[in-house]
file upload-v6.cif (mmCIF, C-alpha atoms)
data_work
loop_
_atom_site.label_atom_id
_atom_site.label_comp_id
_atom_site.auth_asym_id
_atom_site.auth_seq_id
_atom_site.Cartn_x
_atom_site.Cartn_y
_atom_site.Cartn_z
CA MET A 3 -50.15 -26.97 -11.07
CA ASP A 4 -51.49 -25.39 -7.88
CA TYR A 5 -47.97 -24.19 -7.08
CA ILE A 6 -47.62 -22.59 -10.50
CA LYS A 7 -50.94 -20.78 -10.06
CA LYS A 8 -49.95 -19.57 -6.58
CA LEU A 9 -46.62 -18.35 -7.94
CA ASP A 10 -48.33 -16.51 -10.79
CA ASP A 11 -50.76 -14.87 -8.37
CA VAL A 12 -47.95 -13.57 -6.18
CA ARG A 13 -45.97 -12.40 -9.21
CA LYS A 14 -49.04 -10.49 -10.41
CA GLN A 15 -49.18 -8.70 -7.07
CA LEU A 16 -45.47 -7.90 -7.41
CA ASP A 17 -46.00 -6.52 -10.92
CA ASP A 18 -48.80 -4.26 -9.71
CA LEU A 19 -46.70 -3.09 -6.80
CA ASP A 20 -43.71 -2.45 -9.10
CA ASP A 21 -45.89 -0.24 -11.30
CA GLN A 22 -46.90 1.80 -8.27
CA MET A 23 -43.28 2.03 -7.10
CA VAL A 24 -42.10 3.28 -10.50
CA THR A 25 -44.77 6.00 -10.40
CA CYS A 26 -43.61 7.02 -6.92
CA PHE A 27 -39.97 6.85 -8.02
CA GLU A 28 -40.61 9.17 -10.97
CA LYS A 29 -42.27 11.67 -8.61
CA ARG A 30 -39.19 11.48 -6.37
CA MET A 31 -36.93 12.22 -9.34
CA GLU A 32 -39.06 15.24 -10.24
CA LEU A 33 -38.69 16.51 -6.68
CA SER A 34 -34.94 15.93 -6.97
CA ASN A 35 -34.93 18.17 -10.06
CA GLN A 36 -36.66 20.88 -8.01
CA ILE A 37 -34.09 20.51 -5.24
CA ALA A 38 -31.29 20.85 -7.82
CA SER A 39 -32.82 24.12 -9.07
CA ILE A 40 -33.02 25.50 -5.53
CA LYS A 41 -29.41 24.46 -4.82
CA ARG A 42 -28.26 26.16 -8.02
CA GLU A 43 -30.05 29.40 -7.13
CA GLY A 44 -28.76 29.35 -3.55
CA ASN A 45 -25.26 28.07 -4.45
CA ILE A 46 -25.81 25.18 -2.04
CA GLY A 47 -23.57 22.11 -2.09
CA LEU A 48 -24.78 18.96 -3.80
CA VAL A 49 -24.23 16.54 -0.91
CA ASP A 50 -25.72 16.93 2.57
CA GLU A 51 -24.59 13.82 4.44
CA ALA A 52 -26.34 14.77 7.68
CA ARG A 53 -29.69 15.16 5.87
CA GLU A 54 -29.20 11.88 3.97
CA GLN A 55 -28.42 9.98 7.17
CA ALA A 56 -31.43 11.52 8.88
CA VAL A 57 -33.69 10.35 6.03
CA VAL A 58 -32.35 6.81 6.28
CA ASN A 59 -32.69 6.75 10.07
CA ARG A 60 -36.27 8.04 9.97
CA VAL A 61 -37.44 5.46 7.45
CA VAL A 62 -35.63 2.59 9.15
CA GLU A 63 -37.16 3.48 12.53
CA ALA A 64 -40.64 3.68 10.99
CA GLY A 65 -40.32 0.36 9.19
CA ASN A 66 -40.58 -3.25 10.28
CA PRO A 67 -37.46 -4.13 12.33
CA LYS A 68 -37.35 -7.46 10.50
CA TYR A 69 -36.43 -5.61 7.30
CA LYS A 70 -34.11 -3.03 8.88
CA GLY A 71 -31.08 -3.89 6.72
CA GLU A 72 -33.06 -4.12 3.49
CA ILE A 73 -34.84 -0.80 4.15
CA SER A 74 -31.51 0.92 4.80
CA VAL A 75 -30.04 -0.37 1.52
CA PHE A 76 -33.22 0.55 -0.36
CA MET A 77 -33.20 4.13 0.93
CA ARG A 78 -29.49 4.61 0.35
CA SER A 79 -29.99 3.41 -3.22
CA LEU A 80 -32.84 5.90 -3.71
CA ILE A 81 -30.72 8.70 -2.28
CA ALA A 82 -27.80 7.76 -4.56
CA LEU A 83 -30.09 7.93 -7.60
CA SER A 84 -31.55 11.24 -6.42
CA ARG A 85 -28.03 12.62 -6.03
CA LEU A 86 -27.20 11.46 -9.55
CA ARG A 87 -30.32 13.18 -10.87
CA GLN A 88 -29.37 16.39 -9.06
CA ARG A 89 -25.84 16.25 -10.45
CA LYS A 90 -27.21 15.94 -14.00
CA ALA A 91 -29.55 18.88 -13.42
CA LEU A 92 -26.81 21.02 -11.86
CA PHE A 93 -24.03 20.38 -14.33
CA GLU A 94 -26.00 19.38 -17.44
CA GLU A 95 -23.30 18.96 -20.11
CA LYS A 96 -20.78 21.20 -18.35
CA GLU A 97 -19.14 18.45 -16.33
CA ILE A 98 -17.01 17.37 -19.32
CA ASN A 99 -15.22 20.73 -19.02
CA LEU A 100 -13.79 19.60 -15.70
CA LEU A 101 -11.62 17.08 -17.53
CA PRO A 102 -8.09 18.24 -18.48
CA LEU A 103 -7.62 19.06 -22.12
CA PRO A 104 -5.94 16.14 -23.93
CA ARG A 105 -3.01 16.30 -26.29
CA ILE A 106 -2.71 14.43 -29.57
CA PRO A 107 -0.65 11.21 -29.12
CA LEU A 108 2.95 11.82 -30.17
CA LYS A 109 4.11 10.33 -33.47
CA LYS A 110 7.79 11.30 -33.62
CA ASP A 111 10.76 12.10 -31.37
CA ILE A 112 9.30 9.80 -28.72
CA LYS A 113 11.37 9.11 -25.62
CA VAL A 114 10.22 6.19 -23.48
CA ALA A 115 11.33 5.18 -19.98
CA PHE A 116 11.14 1.68 -18.50
CA GLN A 117 12.37 0.11 -15.26
CA GLY A 118 15.29 -2.29 -15.21
CA PRO A 119 18.26 -3.11 -17.43
CA TRP A 120 18.05 -3.95 -21.12
CA GLY A 121 16.28 -7.23 -21.50
CA ALA A 122 13.75 -6.51 -18.74
CA TRP A 123 10.09 -7.24 -19.39
CA GLY A 124 9.54 -3.47 -19.27
CA GLU A 125 11.82 -3.08 -22.28
CA GLN A 126 9.85 -5.79 -24.09
CA ALA A 127 6.62 -3.91 -23.36
CA SER A 128 8.10 -0.62 -24.60
CA LEU A 129 9.18 -2.36 -27.82
CA GLN A 130 5.62 -3.57 -28.36
CA LEU A 131 4.15 -0.12 -27.69
CA PHE A 132 6.72 2.16 -29.33
CA VAL A 133 8.53 0.49 -32.18
CA GLU A 134 10.22 3.71 -33.28
CA GLY A 135 10.73 5.22 -29.83
CA GLU A 136 14.04 5.95 -28.12
CA ARG A 137 14.17 3.91 -24.93
CA PHE A 138 15.78 4.80 -21.62
CA SER A 139 16.47 2.44 -18.72
CA PHE A 140 15.84 3.52 -15.10
CA ASN A 141 16.61 1.76 -11.84
CA SER A 142 13.20 1.97 -10.17
CA PHE A 143 9.52 2.49 -10.94
CA GLU A 144 9.67 5.81 -9.12
CA ASP A 145 12.55 6.94 -11.32
CA VAL A 146 10.31 6.28 -14.34
CA PHE A 147 7.47 8.36 -12.87
CA ALA A 148 9.87 11.18 -11.96
CA ALA A 149 11.33 11.20 -15.49
CA VAL A 150 7.83 11.58 -16.93
CA LYS A 151 6.82 14.39 -14.56
CA GLU A 152 10.11 16.21 -15.13
CA LYS A 153 9.58 15.88 -18.91
CA LYS A 154 12.86 14.03 -19.41
CA VAL A 155 10.84 11.49 -21.41
CA CYS A 156 7.48 11.58 -23.20
CA TYR A 157 6.15 8.35 -21.76
CA GLY A 158 6.87 5.76 -19.11
CA VAL A 159 6.06 2.05 -19.36
CA VAL A 160 5.46 0.23 -16.06
CA PRO A 161 3.76 -3.06 -15.04
CA ILE A 162 0.51 -2.80 -13.13
CA GLU A 163 -0.78 -6.36 -12.82
CA ASN A 164 0.11 -9.96 -13.53
CA SER A 165 -2.45 -12.55 -14.53
CA GLN A 166 -1.07 -14.98 -11.94
CA THR A 167 0.15 -12.90 -9.00
CA GLY A 168 -2.21 -9.92 -9.27
CA ALA A 169 -1.71 -6.19 -8.76
CA ILE A 170 1.68 -4.49 -8.44
CA GLY A 171 0.94 -2.29 -5.45
CA GLU A 172 3.95 0.03 -5.76
CA VAL A 173 2.81 1.22 -9.20
CA TYR A 174 -0.71 1.98 -7.93
CA ASP A 175 0.80 4.02 -5.09
CA LEU A 176 3.03 5.95 -7.50
CA LEU A 177 0.08 6.72 -9.78
CA ARG A 178 -1.65 8.41 -6.87
CA ARG A 179 1.48 10.16 -5.63
CA TYR A 180 2.67 11.54 -8.97
CA GLY A 181 -0.71 12.15 -10.61
CA CYS A 182 0.31 10.74 -13.97
CA TYR A 183 -2.26 9.78 -16.60
CA ILE A 184 -2.64 6.32 -18.10
CA VAL A 185 -2.66 6.77 -21.88
CA GLY A 186 -2.09 3.23 -23.19
CA GLN A 187 -1.53 -0.39 -22.27
CA THR A 188 -0.31 -3.73 -23.56
CA TRP A 189 0.02 -7.31 -22.33
CA VAL A 190 3.37 -9.09 -22.41
CA GLN A 191 3.52 -12.87 -22.49
CA VAL A 192 5.83 -13.88 -19.63
CA ARG A 193 7.94 -16.92 -20.52
CA HIS A 194 10.55 -17.38 -17.83
CA CYS A 195 13.66 -19.47 -18.46
CA LEU A 196 16.43 -20.73 -16.23
CA ILE A 197 19.52 -19.10 -17.69
CA GLY A 198 23.20 -19.61 -16.91
CA ILE A 199 26.64 -19.49 -18.46
CA PRO A 200 27.24 -21.38 -21.73
CA LYS A 201 27.91 -25.10 -21.27
CA GLY A 202 26.44 -24.96 -17.76
CA LYS A 203 23.88 -27.54 -16.61
CA THR A 204 20.99 -27.46 -14.15
CA GLU A 205 22.76 -30.00 -11.92
CA ASP A 206 25.65 -27.53 -11.51
CA VAL A 207 23.42 -24.77 -10.15
CA ARG A 208 23.60 -23.85 -6.47
CA GLU A 209 22.14 -20.31 -6.35
CA VAL A 210 19.44 -18.63 -8.44
CA PHE A 211 18.82 -14.90 -8.87
CA SER A 212 15.56 -13.26 -9.87
CA HIS A 213 12.94 -10.70 -8.95
CA PRO A 214 10.60 -11.96 -6.16
CA GLU A 215 7.76 -12.06 -8.73
CA GLY A 216 9.88 -14.37 -10.87
CA PHE A 217 10.33 -16.77 -7.95
CA ARG A 218 6.60 -16.73 -7.20
CA GLN A 219 5.66 -17.33 -10.83
CA CYS A 220 8.02 -20.33 -11.03
CA ASP A 221 7.62 -21.77 -7.54
CA ARG A 222 6.39 -25.17 -8.79
CA TYR A 223 9.60 -25.62 -10.78
CA LEU A 224 11.69 -24.54 -7.78
CA ARG A 225 9.78 -26.54 -5.16
CA ASN A 226 11.98 -29.67 -5.01
CA ARG A 227 15.23 -28.05 -6.04
CA PHE A 228 17.41 -27.15 -3.10
CA TRP A 229 18.88 -23.95 -4.50
CA ASP A 230 19.54 -20.71 -2.66
CA LEU A 231 17.18 -18.03 -3.99
CA THR A 232 18.48 -14.45 -4.03
CA ALA A 233 16.14 -11.56 -4.87
CA CYS A 234 17.16 -8.86 -7.34
CA SER A 235 15.52 -5.63 -8.46
CA ASN A 236 14.68 -7.08 -11.86
CA THR A 237 14.93 -10.35 -13.80
CA ALA A 238 17.26 -8.66 -16.29
CA ALA A 239 19.47 -7.48 -13.40
CA ALA A 240 19.59 -11.10 -12.24
CA ALA A 241 20.87 -12.14 -15.68
CA GLN A 242 23.54 -9.44 -15.52
CA MET A 243 24.68 -10.72 -12.13
CA VAL A 244 25.08 -14.25 -13.46
CA ALA A 245 27.02 -12.95 -16.46
CA ARG A 246 29.40 -11.00 -14.23
CA ARG A 247 30.06 -13.98 -11.99
CA SER A 248 30.59 -16.30 -14.96
CA ASP A 249 30.30 -19.39 -12.79
CA LYS A 250 28.18 -22.46 -13.55
CA ARG A 251 27.00 -22.54 -9.92
CA TYR A 252 24.87 -19.43 -10.55
CA ALA A 253 21.72 -19.10 -12.64
CA ALA A 254 18.90 -16.60 -13.11
CA ILE A 255 15.19 -16.72 -13.87
CA GLY A 256 14.42 -14.34 -16.70
CA SER A 257 13.60 -13.91 -20.36
CA ARG A 258 15.28 -15.34 -23.43
CA ARG A 259 16.12 -11.77 -24.48
CA ALA A 260 17.91 -11.13 -21.17
CA ALA A 261 19.97 -14.27 -21.80
CA GLU A 262 20.88 -13.19 -25.33
CA LEU A 263 21.87 -9.65 -24.29
CA ASN A 264 24.19 -11.00 -21.57
CA GLY A 265 25.74 -13.85 -23.54
CA LEU A 266 24.06 -16.51 -21.44
CA ALA A 267 22.53 -19.87 -22.31
CA ILE A 268 19.07 -21.32 -21.69
CA LEU A 269 19.46 -24.14 -19.15
CA ASP A 270 15.73 -24.86 -18.96
CA GLU A 271 12.94 -23.02 -20.77
CA ASP A 272 9.29 -22.27 -20.05
CA ILE A 273 9.61 -22.98 -16.32
CA ILE A 274 6.72 -20.71 -15.32
CA ASN A 275 3.76 -22.21 -13.43
CA ASP A 276 1.16 -21.01 -15.93
CA PRO A 277 2.11 -20.94 -19.63
CA SER A 278 -0.63 -18.36 -20.23
CA ASN A 279 0.95 -15.98 -17.70
CA GLN A 280 0.82 -12.35 -18.82
CA THR A 281 1.79 -9.00 -17.35
CA ARG A 282 -0.21 -5.89 -18.12
CA PHE A 283 1.93 -2.81 -18.73
CA ILE A 284 0.54 0.71 -18.81
CA VAL A 285 1.83 3.83 -20.52
CA ILE A 286 1.99 6.91 -18.30
CA ALA A 287 2.24 10.55 -19.35
CA ASP A 288 2.13 13.90 -17.58
CA VAL A 289 -0.86 15.04 -19.67
CA PRO A 290 -3.91 13.01 -20.76
CA GLU A 291 -4.48 11.63 -24.23
CA TYR A 292 -7.95 10.45 -25.21
CA ASP A 293 -9.99 10.40 -28.37
CA ASP A 294 -12.95 8.63 -29.96
CA ASN A 295 -11.02 5.33 -29.98
CA SER A 296 -10.43 5.23 -26.21
CA ASP A 297 -12.19 2.26 -24.62
CA THR A 298 -11.13 2.34 -20.94
CA VAL A 299 -11.26 4.99 -18.22
CA SER A 300 -9.09 4.59 -15.12
CA ILE A 301 -10.04 6.52 -11.98
CA ILE A 302 -8.79 6.95 -8.41
CA PHE A 303 -11.12 7.88 -5.57
CA ARG A 304 -11.54 7.83 -1.80
CA THR A 305 -14.69 7.30 0.25
CA ALA A 306 -15.92 8.10 3.71
CA HIS A 307 -14.93 5.41 6.22
CA ARG A 308 -18.40 4.04 6.94
CA SER A 309 -20.70 1.20 5.98
CA GLY A 310 -22.01 1.39 2.44
CA ALA A 311 -19.75 4.24 1.29
CA LEU A 312 -18.12 2.22 -1.48
CA CYS A 313 -21.49 0.92 -2.70
CA GLU A 314 -22.78 4.49 -2.93
CA VAL A 315 -19.87 5.44 -5.18
CA LEU A 316 -20.36 2.44 -7.45
CA PHE A 317 -24.14 2.63 -7.59
CA PRO A 318 -24.27 5.45 -10.19
CA LEU A 319 -22.04 3.38 -12.46
CA MET A 320 -24.66 0.65 -12.45
CA ALA A 321 -27.40 3.23 -12.99
CA GLN A 322 -25.57 4.54 -16.06
CA ASP A 323 -24.83 1.01 -17.33
CA VAL A 324 -21.07 1.51 -16.96
CA ASN A 325 -19.15 -1.77 -16.69
CA LEU A 326 -16.53 -1.87 -13.92
CA SER A 327 -13.80 -4.21 -15.17
CA ARG A 328 -11.33 -3.89 -12.28
CA ILE A 329 -11.10 -2.46 -8.76
CA GLU A 330 -8.12 -2.41 -6.39
CA SER A 331 -7.82 -0.91 -2.90
CA ARG A 332 -4.60 0.56 -1.51
CA PRO A 333 -3.95 1.63 2.08
CA MET A 334 -3.27 5.25 2.96
CA SER A 335 -2.18 6.87 6.20
CA GLY A 336 -4.59 6.96 9.13
CA GLY A 337 -6.19 3.62 8.33
CA LYS A 338 -7.86 5.01 5.19
CA TYR A 339 -8.00 3.46 1.73
CA CYS A 340 -8.18 4.71 -1.82
CA PHE A 341 -9.58 2.77 -4.76
CA PHE A 342 -8.41 2.32 -8.33
CA CYS A 343 -10.99 1.36 -10.95
CA ASP A 344 -11.02 0.57 -14.65
CA LEU A 345 -14.28 1.39 -16.40
CA LYS A 346 -15.14 0.11 -19.86
CA GLY A 347 -16.12 2.89 -22.23
CA ASN A 348 -14.96 6.27 -23.51
#
call {"tool": "encode", "arguments": {"input": "upload-v6.cif", "output": "structure tokens"}}
result
Amino acid sequence: MDYIKKLDDVRKQLDDLDDQMVTCFEKRMELSNQIASIKREGNIGLVDEAREQAVVNRVVEAGNPKYKGEISVFMRSLIALSRLRQRKALFEEKEINLLPLPRIPLKKDIKVAFQGPWGAWGEQASLQLFVEGERFSFNSFEDVFAAVKEKKVCYGVVPIENSQTGAIGEVYDLLRRYGCYIVGQTWVQVRHCLIGIPKGKTEDVREVFSHPEGFRQCDRYLRNRFWDLTACSNTAAAAQMVARRSDKRYAAIGSRRAAELNGLAILDEDIINDPSNQTRFIVIADVPEYDDNSDTVSIIFRTAHRSGALCEVLFPLMAQDVNLSRIESRPMSGGKYCFFCDLKGN
């Protein structure tokens, strides 16, 4: 019981100290409002990195060296909140006007691009998303993005992540390069099969074609089978190659639909490592579409290349109770990185 009493005593001191800190914090926010007013009148920029660093350095030097790291994080957090307060005061409700005007989602005469031949998982995703749409096949992901930007199609459907193998880096890079907007998404259940010519058998197979992702997602099945593995641009393209060769020594890893479209047979089904494997496909457009039903916001940003820079960007999200559901980093030139985030909310 003595320990409980000691703990309660210390907690009481913490509570009292917290009350004092909140009072001091509120005073700091009021001063931040005053700074915002002065910056508005003087047309002064919101961020002054040199001043912020000087504040952190001064407080760290004045504090107990034992708590140097904690003091630095504490002050940077305070500064981030002060900056957020200033931004609210400066922009008020005007910041929403910085967003591009959305269009109403199209309901008719929809043209949709996907990567790969007919029977590709991209075609399956486009069927799920646009039942009435006219679909167009393109050779590469970049061709899909270019078709959208050049207004040859209304939408593009491309994969962005797999539940087993993770992010598809090329698509993230193309999003940044082409500046397309994500306006929809769907998940496609990936059920890979070993497909070959009719009347063929697995023991006849000597070489297998597929996309590298297909090999990775089925590597347990392939582990003790001494087949040559040849990479193709797409699992549907692999099925086409087997159909053209029409030889029982060749097989492909792909979908049941790819087999049906190419007149092939299922030699072995559901060979994927994880039966729950899914691929997330996004819909891209050259203009944004959002309304009251939107529930995810995707953003791209860069930070300064220094300690704590990423935390400073994410801190306001926590302060505004915004849930970050996904973050990916991608390399840029000069050793820099950009970040892709999905935020829950409208």
call {"tool": "residues_around", "arguments": {"input": "upload-v6.cif", "residues": "Phe147 of chain A", "least_positions_apart": "4", "cutoff": "7 Å", "atoms": "all atoms listed in the file", "output": "number ranges by chain"}}
result
A: 143, 151, 158, 180
call {"tool": "residues_around", "arguments": {"input": "upload-v6.cif", "residues": "segment 128-134 of chain A", "least_positions_apart": "3", "cutoff": "7 Å", "atoms": "only C-alpha atoms", "output": "MDAnalysis selection string"}}
result
chainID A and resid 124:125 159
call {"tool": "residues_near_point", "arguments": {"input": "upload-v6.cif", "point": "(-12.3, 9.2, -4.2)", "cutoff": "12 Å", "atoms": "all atoms listed in the file", "output": "list in words"}}
result
Arg178, Ile301, Ile302, Phe303, Arg304, Thr305, Ala306, His307, Ala311, Leu312, Glu314, Val315, Leu316, Ser331, Arg332, Lys338, Tyr339, Cys340, Phe341, Phe342 and Cys343 of chain A
call {"tool": "residues_around", "arguments": {"input": "upload-v6.cif", "residues": "Arg208 of chain A", "least_positions_apart": "6", "cutoff": "7 Å", "atoms": "only C-alpha atoms", "output": "list of chain:residue names"}}
result
A:Trp229, A:Asp230, A:Arg251, A:Tyr252
call {"tool": "write_last_selection", "arguments": {"input": "upload-v6.cif", "atoms": "C-alpha atoms", "output": "mmCIF file, in the coordinates of the input"}}
result
data_model
loop_
_atom_site.group_PDB
_atom_site.id
_atom_site.type_symbol
_atom_site.label_atom_id
_atom_site.label_comp_id
_atom_site.auth_asym_id
_atom_site.auth_seq_id
_atom_site.Cartn_x
_atom_site.Cartn_y
_atom_site.Cartn_z
ATOM 1 C CA TRP A 229 18.880 -23.950 -4.500
ATOM 2 C CA ASP A 230 19.540 -20.710 -2.660
ATOM 3 C CA ARG A 251 27.000 -22.540 -9.920
ATOM 4 C CA TYR A 252 24.870 -19.430 -10.550
#
call {"tool": "atom_distance", "arguments": {"input": "upload-v6.cif", "atom1": "atom CA of Leu266 of chain A", "atom2": "atom CA of Ala245 of chain A"}}
result
6.8 Å
call {"tool": "atom_distance", "arguments": {"input": "upload-v6.cif", "atom1": "atom CA of Lys250 of chain A", "atom2": "atom CA of Gly202 of chain A"}}
result
5.2 Å
call {"tool": "resolve_selection", "arguments": {"input": "upload-v6.cif", "expression": "the PyMOL selection byres ((chain A and resi 160) around 6)", "output": "list of chain:residue names"}}
result
A:Val159, A:Pro161, A:Phe283, A:Ile284
call {"tool": "residues_around", "arguments": {"input": "upload-v6.cif", "residues": "Gln55 of chain A", "least_positions_apart": "4", "cutoff": "10 Å", "atoms": "all atoms listed in the file", "output": "PyMOL selection string"}}
result
chain A and resi 50-51+59-60+74+77-78+81
call {"tool": "atom_distance", "arguments": {"input": "upload-v6.cif", "atom1": "atom CA of Ala115 of chain A", "atom2": "atom CA of Met243 of chain A"}}
result
22.2 Å
call {"tool": "resolve_selection", "arguments": {"input": "upload-v6.cif", "expression": "the PyMOL selection byres ((chain A and resi 188) around 6)", "output": "list of chain:residue names"}}
result
A:Gln187, A:Trp189, A:Arg282, A:Phe283
call {"tool": "build_atoms", "arguments": {"input": "upload-v6.cif", "residues": "segment 23-35 of chain A", "atoms": "N, CA, C and O atoms", "output": "PDB file, in the coordinates of the input"}}
result
ATOM      1  N   MET A  23     -44.578   1.547  -7.567  1.00  0.00           N
ATOM      2  CA  MET A  23     -43.280   2.030  -7.100  1.00  0.00           C
ATOM      3  C   MET A  23     -42.595   2.884  -8.161  1.00  0.00           C
ATOM      4  O   MET A  23     -41.954   3.893  -7.835  1.00  0.00           O
ATOM      5  N   VAL A  24     -42.707   2.485  -9.427  1.00  0.00           N
ATOM      6  CA  VAL A  24     -42.100   3.280 -10.500  1.00  0.00           C
ATOM      7  C   VAL A  24     -42.746   4.658 -10.569  1.00  0.00           C
ATOM      8  O   VAL A  24     -42.054   5.675 -10.747  1.00  0.00           O
ATOM      9  N   THR A  25     -44.082   4.706 -10.404  1.00  0.00           N
ATOM     10  CA  THR A  25     -44.770   6.000 -10.400  1.00  0.00           C
ATOM     11  C   THR A  25     -44.271   6.876  -9.254  1.00  0.00           C
ATOM     12  O   THR A  25     -43.982   8.070  -9.431  1.00  0.00           O
ATOM     13  N   CYS A  26     -44.134   6.288  -8.077  1.00  0.00           N
ATOM     14  CA  CYS A  26     -43.610   7.020  -6.920  1.00  0.00           C
ATOM     15  C   CYS A  26     -42.160   7.442  -7.148  1.00  0.00           C
ATOM     16  O   CYS A  26     -41.745   8.557  -6.775  1.00  0.00           O
ATOM     17  N   PHE A  27     -41.386   6.549  -7.755  1.00  0.00           N
ATOM     18  CA  PHE A  27     -39.970   6.850  -8.020  1.00  0.00           C
ATOM     19  C   PHE A  27     -39.853   8.036  -8.970  1.00  0.00           C
ATOM     20  O   PHE A  27     -39.018   8.933  -8.775  1.00  0.00           O
ATOM     21  N   GLU A  28     -40.662   8.067 -10.022  1.00  0.00           N
ATOM     22  CA  GLU A  28     -40.610   9.170 -10.970  1.00  0.00           C
ATOM     23  C   GLU A  28     -40.955  10.489 -10.302  1.00  0.00           C
ATOM     24  O   GLU A  28     -40.359  11.532 -10.593  1.00  0.00           O
ATOM     25  N   LYS A  29     -41.927  10.462  -9.362  1.00  0.00           N
ATOM     26  CA  LYS A  29     -42.270  11.670  -8.610  1.00  0.00           C
ATOM     27  C   LYS A  29     -41.086  12.113  -7.763  1.00  0.00           C
ATOM     28  O   LYS A  29     -40.810  13.307  -7.626  1.00  0.00           O
ATOM     29  N   ARG A  30     -40.368  11.129  -7.183  1.00  0.00           N
ATOM     30  CA  ARG A  30     -39.190  11.480  -6.370  1.00  0.00           C
ATOM     31  C   ARG A  30     -38.109  12.125  -7.227  1.00  0.00           C
ATOM     32  O   ARG A  30     -37.436  13.066  -6.794  1.00  0.00           O
ATOM     33  N   MET A  31     -37.921  11.630  -8.450  1.00  0.00           N
ATOM     34  CA  MET A  31     -36.930  12.220  -9.340  1.00  0.00           C
ATOM     35  C   MET A  31     -37.315  13.646  -9.729  1.00  0.00           C
ATOM     36  O   MET A  31     -36.454  14.531  -9.848  1.00  0.00           O
ATOM     37  N   GLU A  32     -38.608  13.891  -9.937  1.00  0.00           N
ATOM     38  CA  GLU A  32     -39.060  15.240 -10.240  1.00  0.00           C
ATOM     39  C   GLU A  32     -38.769  16.186  -9.080  1.00  0.00           C
ATOM     40  O   GLU A  32     -38.351  17.332  -9.270  1.00  0.00           O
ATOM     41  N   LEU A  33     -39.003  15.710  -7.860  1.00  0.00           N
ATOM     42  CA  LEU A  33     -38.690  16.510  -6.680  1.00  0.00           C
ATOM     43  C   LEU A  33     -37.173  16.753  -6.576  1.00  0.00           C
ATOM     44  O   LEU A  33     -36.740  17.829  -6.132  1.00  0.00           O
ATOM     45  N   SER A  34     -36.391  15.759  -6.985  1.00  0.00           N
ATOM     46  CA  SER A  34     -34.940  15.930  -6.970  1.00  0.00           C
ATOM     47  C   SER A  34     -34.524  17.018  -7.956  1.00  0.00           C
ATOM     48  O   SER A  34     -33.593  17.788  -7.693  1.00  0.00           O
ATOM     49  N   ASN A  35     -35.206  17.097  -9.110  1.00  0.00           N
ATOM     50  CA  ASN A  35     -34.930  18.170 -10.060  1.00  0.00           C
ATOM     51  C   ASN A  35     -35.220  19.534  -9.436  1.00  0.00           C
ATOM     52  O   ASN A  35     -34.470  20.506  -9.634  1.00  0.00           O
TER      53      ASN A  35
END
